[in-house]
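Structure file target-v8.pdb (PDB, C-alpha atoms) is printed below.
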```pdb
ATOM      1  CA  SER A  16      -3.270  10.502 -29.142
ATOM      2  CA  TYR A  17      -4.821   7.753 -27.038
ATOM      3  CA  SER A  18      -3.086   8.722 -23.794
ATOM      4  CA  SER A  19      -4.228  12.355 -23.951
ATOM      5  CA  THR A  20      -7.780  11.246 -24.767
ATOM      6  CA  PHE A  21      -7.668   8.815 -21.848
ATOM      7  CA  GLN A  22      -6.446  11.565 -19.488
ATOM      8  CA  ASP A  23      -9.265  13.852 -20.684
ATOM      9  CA  MET A  24     -11.765  11.058 -20.130
ATOM     10  CA  LEU A  25     -10.539  10.544 -16.547
ATOM     11  CA  GLY A  26     -10.721  14.278 -15.892
ATOM     12  CA  PHE A  27     -14.290  14.513 -17.178
ATOM     13  CA  ALA A  28     -15.303  11.483 -15.082
ATOM     14  CA  ARG A  29     -13.894  13.149 -11.963
ATOM     15  CA  LEU A  30     -15.716  16.381 -12.762
ATOM     16  CA  LYS A  31     -18.962  14.439 -13.201
ATOM     17  CA  ARG A  32     -18.469  12.673  -9.849
ATOM     18  CA  GLY A  33     -17.760  16.015  -8.223
ATOM     19  CA  ALA A  34     -20.970  17.467  -9.654
ATOM     20  CA  VAL A  35     -22.943  14.503  -8.264
ATOM     21  CA  VAL A  36     -21.411  15.049  -4.806
ATOM     22  CA  VAL A  37     -22.189  18.777  -4.896
ATOM     23  CA  GLN A  38     -25.802  18.059  -5.883
ATOM     24  CA  ALA A  39     -26.140  15.528  -3.060
ATOM     25  CA  MET A  40     -24.676  17.943  -0.480
ATOM     26  CA  VAL A  41     -27.724  20.194  -0.848
ATOM     27  CA  SER A  42     -29.882  17.518   0.785
ATOM     28  CA  VAL A  43     -27.556  17.010   3.787
ATOM     29  CA  LYS A  44     -28.605  18.894   6.919
ATOM     30  CA  PRO A  45     -25.892  21.240   8.269
ATOM     31  CA  THR A  46     -26.079  19.694  11.752
ATOM     32  CA  LEU A  47     -25.567  16.207  10.305
ATOM     33  CA  TRP A  48     -22.614  17.452   8.234
ATOM     34  CA  ASP A  49     -21.039  19.171  11.252
ATOM     35  CA  ALA A  50     -21.410  15.969  13.291
ATOM     36  CA  PHE A  51     -19.726  14.007  10.488
ATOM     37  CA  VAL A  52     -16.808  16.448  10.285
ATOM     38  CA  GLN A  53     -16.389  16.376  14.078
ATOM     39  CA  ALA A  54     -16.383  12.542  14.026
ATOM     40  CA  LEU A  55     -13.468  12.599  11.568
ATOM     41  CA  GLU A  56     -11.341  14.379  14.221
ATOM     42  CA  LEU A  57      -9.334  16.240  11.586
ATOM     43  CA  ASP A  58      -8.031  18.625  14.255
ATOM     44  CA  LYS A  59      -6.113  15.818  16.011
ATOM     45  CA  PRO A  60      -2.673  14.724  14.766
ATOM     46  CA  CYS A  61      -2.330  11.285  13.191
ATOM     47  CA  GLU A  62       0.041   8.893  14.909
ATOM     48  CA  PHE A  63       2.610   7.375  12.519
ATOM     49  CA  GLY A  64       3.796   4.864  15.068
ATOM     50  CA  GLU A  65       3.664   4.398  18.791
ATOM     51  CA  GLY A  66       4.743   7.741  20.245
ATOM     52  CA  ASP A  67       5.458   9.225  16.787
ATOM     53  CA  ILE A  68       2.890  11.999  16.439
ATOM     54  CA  GLY A  69       2.314  13.169  12.883
ATOM     55  CA  LEU A  70       0.360  15.884  11.137
ATOM     56  CA  VAL A  71      -3.174  17.149  11.723
ATOM     57  CA  GLY A  72      -5.897  16.907   9.094
ATOM     58  CA  GLY A  73      -5.493  13.290   8.042
ATOM     59  CA  LEU A  74      -7.257   9.980   8.465
ATOM     60  CA  GLN A  75      -5.255   7.152   9.970
ATOM     61  CA  VAL A  76      -5.668   3.814   8.223
ATOM     62  CA  MET A  77      -4.141   0.753   9.843
ATOM     63  CA  GLU A  78      -2.663  -1.978   7.650
ATOM     64  CA  PRO A  79      -0.810  -5.217   8.349
ATOM     65  CA  ALA A  80       2.957  -4.824   8.589
ATOM     66  CA  SER A  81       3.386  -7.434   5.867
ATOM     67  CA  ALA A  82       1.341  -5.415   3.340
ATOM     68  CA  ASN A  83       4.174  -3.046   2.397
ATOM     69  CA  ILE A  84       7.522  -4.328   3.601
ATOM     70  CA  THR A  85      10.223  -1.680   3.861
ATOM     71  CA  THR A  86      13.835  -2.376   4.712
ATOM     72  CA  VAL A  87      14.909   1.263   4.669
ATOM     73  CA  GLU A  88      13.373   3.891   6.930
ATOM     74  CA  LEU A  89      12.022   6.649   4.698
ATOM     75  CA  ILE A  90      11.252   9.168   7.447
ATOM     76  CA  ARG A  91      14.315  11.057   8.622
ATOM     77  CA  ARG A  92      14.100  12.500  12.098
ATOM     78  CA  PHE A  93      16.178  15.362  13.431
ATOM     79  CA  GLY A  94      16.206  16.694  16.967
ATOM     80  CA  GLY A  95      15.987  20.391  17.699
ATOM     81  CA  SER A  96      13.813  23.303  16.743
ATOM     82  CA  THR A  97      10.995  22.947  14.226
ATOM     83  CA  SER A  98      11.263  26.578  13.170
ATOM     84  CA  PRO A  99      11.287  27.042   9.376
ATOM     85  CA  ALA A 100      14.096  29.585   9.828
ATOM     86  CA  ALA A 101      16.364  26.990  11.477
ATOM     87  CA  MET A 102      18.954  25.296   9.261
ATOM     88  CA  TRP A 103      18.660  21.595   8.539
ATOM     89  CA  PRO A 104      21.378  19.574  10.249
ATOM     90  CA  GLU A 105      24.082  17.952   8.151
ATOM     91  CA  ASP A 106      23.207  14.482   6.958
ATOM     92  CA  ASP A 107      25.438  11.933   8.687
ATOM     93  CA  HIS A 108      24.710   9.354   6.021
ATOM     94  CA  ALA A 109      25.867  10.999   2.811
ATOM     95  CA  TYR A 110      24.503   9.478  -0.394
ATOM     96  CA  ASP A 111      26.404   6.286  -1.063
ATOM     97  CA  ASP A 112      26.073   4.886  -4.587
ATOM     98  CA  SER A 113      27.286   1.423  -3.597
ATOM     99  CA  GLN A 114      24.688   1.219  -0.823
ATOM    100  CA  ASP A 115      21.977   2.261  -3.301
ATOM    101  CA  ARG A 116      23.055  -0.488  -5.705
ATOM    102  CA  PHE A 117      22.963  -3.005  -2.865
ATOM    103  CA  GLU A 118      19.414  -1.945  -1.992
ATOM    104  CA  LYS A 119      18.332  -2.343  -5.630
ATOM    105  CA  VAL A 120      19.774  -5.861  -5.718
ATOM    106  CA  GLU A 121      18.073  -6.649  -2.418
ATOM    107  CA  ARG A 122      14.690  -5.481  -3.761
ATOM    108  CA  LEU A 123      15.223  -7.533  -6.924
ATOM    109  CA  ILE A 124      15.990 -10.643  -4.869
ATOM    110  CA  LYS A 125      12.882 -10.130  -2.719
ATOM    111  CA  LYS A 126      10.701  -9.653  -5.804
ATOM    112  CA  THR A 127      12.167 -12.775  -7.413
ATOM    113  CA  MET A 128      11.661 -14.825  -4.242
ATOM    114  CA  LYS A 129       8.059 -13.649  -4.043
ATOM    115  CA  LYS A 130       7.469 -14.702  -7.674
ATOM    116  CA  LEU A 131       9.114 -18.071  -7.096
ATOM    117  CA  ASP A 132       7.080 -18.604  -3.948
ATOM    118  CA  SER A 133       3.791 -17.790  -5.674
ATOM    119  CA  SER A 134       4.604 -19.883  -8.759
ATOM    120  CA  GLY A 135       5.633 -22.780  -6.530
ATOM    121  CA  ARG A 136       2.230 -22.858  -4.875
ATOM    122  CA  HIS A 137       0.326 -22.901  -8.160
ATOM    123  CA  GLY A 138       2.433 -25.626  -9.787
ATOM    124  CA  ALA A 139       3.035 -27.835  -6.752
ATOM    125  CA  GLY A 140       0.374 -30.384  -7.647
ATOM    126  CA  SER A 141       1.235 -30.740 -11.316
ATOM    127  CA  GLY A 142       4.930 -31.598 -11.143
ATOM    128  CA  SER A 143       5.023 -33.593  -7.935
ATOM    129  CA  SER A 144       3.951 -36.916  -9.479
ATOM    130  CA  GLN A 145       6.631 -37.162 -12.169
ATOM    131  CA  GLY A 146       8.098 -40.636 -12.345
ATOM    132  CA  MET A 147       5.515 -42.007  -9.921
ATOM    133  CA  SER A 148       2.990 -44.690 -10.726
ATOM    134  CA  SER A 149      -0.557 -43.444 -11.169
ATOM    135  CA  VAL A 150      -2.057 -46.665  -9.778
ATOM    136  CA  GLY A 151      -4.520 -45.804  -7.047
ATOM    137  CA  THR A 152      -4.244 -42.046  -7.396
ATOM    138  CA  GLY A 153      -7.408 -41.723  -9.458
ATOM    139  CA  SER A 154      -9.504 -43.595  -6.933
ATOM    140  CA  SER A 155      -8.233 -41.553  -3.985
ATOM    141  CA  LEU A 156      -8.992 -38.319  -5.808
ATOM    142  CA  SER A 157     -12.476 -39.450  -6.737
ATOM    143  CA  ASP A 158     -13.105 -40.754  -3.178
ATOM    144  CA  SER A 159     -12.058 -37.424  -1.651
ATOM    145  CA  SER A 160     -14.172 -35.454  -4.143
ATOM    146  CA  ARG A 161     -17.166 -37.705  -3.361
ATOM    147  CA  ARG A 162     -16.724 -37.055   0.353
ATOM    148  CA  SER A 163     -16.637 -33.293  -0.163
ATOM    149  CA  ASP A 164     -19.877 -33.437  -2.198
ATOM    150  CA  ARG A 165     -21.817 -35.005   0.657
TER     151      ARG A 165
END
```

Whole structure, structure tokens version:
Amino acid sequence: SYSSTFQDMLGFARLKRGAVVVQAMVSVKPTLWDAFVQALELDKPCEFGEGDIGLVGGLQVMEPASANITTVELIRRFGGSTSPAAMWPEDDHAYDDSQDRFEKVERLIKKTMKKLDSSGRHGAGSGSSQGMSSVGTGSSLSDSSRRSDR
């Protein structure tokens, strides 16, 4: 079907890009490549937040806090040993279905408010003059557009 053909197409495009990268790597000098890898500092841990040291082998990308607003902390932290043989501590906050429903409603409200806010900005000029006289409005618009052309 279409979706399987589309997935195959994406896979072939990725393979083609990979082949182009491999062909280009032949022309890169080993010293230049080593300098590039060292500049990435992949051996240093990434910092998730101030004082919250993360994993090694990643690239840290900073973004504005307003880009992806989260109301629930997704990272769970436990004190104690980091040994894989150690048991995980009991979760103090057992799964609460009512709390999950509340969070879904909260996300829905935020999404709706965002849509209302964005639609309010686009339609603010069109509906604001209902019931008002249009005398003088045309001249002020044309005067302001003439000023901006100069």

**Message:** Just to confirm, what's the straight-line distance from atom CA of Arg32 of chain A to atom CA of Ala50 of chain A in Å (one decimal)?
**Reply:** 23.6 Å

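The spacing separating atom CA of Gly66 of chain A from atom CA of Ile90 of chain A amounts to 14.4 Å.
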
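Shortest atom-to-atom contact with Glu118 of chain A among A:Ala101, A:Ile68, A:Val43, A:Val87: A:Val87, counting all atoms listed in the file.
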
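The space between atom CA of Ile84 of chain A and atom CA of Phe117 of chain A spans 16.8 Å.
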
**Asked** Evaluating the PyMOL selection byres ((chain A and resi 57) around 7) on the displayed file yields which residues, as a ChimeraX atom specification?
**Response** /A:55-56,58-59,71-73

**Request:** Pick out the residues sitting within 10 Å of Gly69 of chain A, and hand them over as JSON, numbers by chain; count all atoms listed in the file, and ignore anything fewer than 6 positions along from it in its own chain.
**Result:** {"A": [59, 60, 61, 62, 63]}

Generate N, CA, C and O atoms for segment 50-62 of chain A and emit them as a PDB file, in the coordinates of the input.
```
ATOM      1  N   ALA A  50     -21.677  17.151  12.458  1.00  0.00           N
ATOM      2  CA  ALA A  50     -21.410  15.969  13.291  1.00  0.00           C
ATOM      3  C   ALA A  50     -20.447  15.016  12.579  1.00  0.00           C
ATOM      4  O   ALA A  50     -19.546  14.436  13.203  1.00  0.00           O
ATOM      5  N   PHE A  51     -20.612  14.870  11.266  1.00  0.00           N
ATOM      6  CA  PHE A  51     -19.726  14.007  10.488  1.00  0.00           C
ATOM      7  C   PHE A  51     -18.296  14.546  10.515  1.00  0.00           C
ATOM      8  O   PHE A  51     -17.340  13.794  10.731  1.00  0.00           O
ATOM      9  N   VAL A  52     -18.142  15.837  10.288  1.00  0.00           N
ATOM     10  CA  VAL A  52     -16.808  16.448  10.285  1.00  0.00           C
ATOM     11  C   VAL A  52     -16.163  16.324  11.662  1.00  0.00           C
ATOM     12  O   VAL A  52     -14.960  16.024  11.768  1.00  0.00           O
ATOM     13  N   GLN A  53     -16.931  16.520  12.726  1.00  0.00           N
ATOM     14  CA  GLN A  53     -16.389  16.376  14.078  1.00  0.00           C
ATOM     15  C   GLN A  53     -15.967  14.933  14.350  1.00  0.00           C
ATOM     16  O   GLN A  53     -14.968  14.686  15.021  1.00  0.00           O
ATOM     17  N   ALA A  54     -16.718  13.959  13.821  1.00  0.00           N
ATOM     18  CA  ALA A  54     -16.383  12.542  14.026  1.00  0.00           C
ATOM     19  C   ALA A  54     -15.075  12.168  13.327  1.00  0.00           C
ATOM     20  O   ALA A  54     -14.383  11.244  13.750  1.00  0.00           O
ATOM     21  N   LEU A  55     -14.721  12.885  12.267  1.00  0.00           N
ATOM     22  CA  LEU A  55     -13.468  12.599  11.568  1.00  0.00           C
ATOM     23  C   LEU A  55     -12.245  12.992  12.400  1.00  0.00           C
ATOM     24  O   LEU A  55     -11.152  12.469  12.174  1.00  0.00           O
ATOM     25  N   GLU A  56     -12.420  13.906  13.341  1.00  0.00           N
ATOM     26  CA  GLU A  56     -11.341  14.379  14.221  1.00  0.00           C
ATOM     27  C   GLU A  56     -10.141  14.861  13.415  1.00  0.00           C
ATOM     28  O   GLU A  56      -9.000  14.484  13.670  1.00  0.00           O
ATOM     29  N   LEU A  57     -10.401  15.717  12.438  1.00  0.00           N
ATOM     30  CA  LEU A  57      -9.334  16.240  11.586  1.00  0.00           C
ATOM     31  C   LEU A  57      -8.441  17.234  12.306  1.00  0.00           C
ATOM     32  O   LEU A  57      -7.375  17.576  11.801  1.00  0.00           O
ATOM     33  N   ASP A  58      -8.855  17.686  13.494  1.00  0.00           N
ATOM     34  CA  ASP A  58      -8.031  18.625  14.255  1.00  0.00           C
ATOM     35  C   ASP A  58      -7.009  17.914  15.131  1.00  0.00           C
ATOM     36  O   ASP A  58      -6.146  18.555  15.723  1.00  0.00           O
ATOM     37  N   LYS A  59      -7.066  16.593  15.203  1.00  0.00           N
ATOM     38  CA  LYS A  59      -6.113  15.818  16.011  1.00  0.00           C
ATOM     39  C   LYS A  59      -5.010  15.280  15.097  1.00  0.00           C
ATOM     40  O   LYS A  59      -5.269  14.860  13.969  1.00  0.00           O
ATOM     41  N   PRO A  60      -3.766  15.264  15.594  1.00  0.00           N
ATOM     42  CA  PRO A  60      -2.673  14.724  14.766  1.00  0.00           C
ATOM     43  C   PRO A  60      -2.776  13.210  14.617  1.00  0.00           C
ATOM     44  O   PRO A  60      -3.215  12.509  15.516  1.00  0.00           O
ATOM     45  N   CYS A  61      -2.387  12.730  13.450  1.00  0.00           N
ATOM     46  CA  CYS A  61      -2.330  11.285  13.191  1.00  0.00           C
ATOM     47  C   CYS A  61      -1.056  10.729  13.806  1.00  0.00           C
ATOM     48  O   CYS A  61      -0.022  11.375  13.796  1.00  0.00           O
ATOM     49  N   GLU A  62      -1.126   9.519  14.313  1.00  0.00           N
ATOM     50  CA  GLU A  62       0.041   8.893  14.909  1.00  0.00           C
ATOM     51  C   GLU A  62       0.658   7.950  13.886  1.00  0.00           C
ATOM     52  O   GLU A  62       0.025   7.003  13.421  1.00  0.00           O
TER      53      GLU A  62
END
```
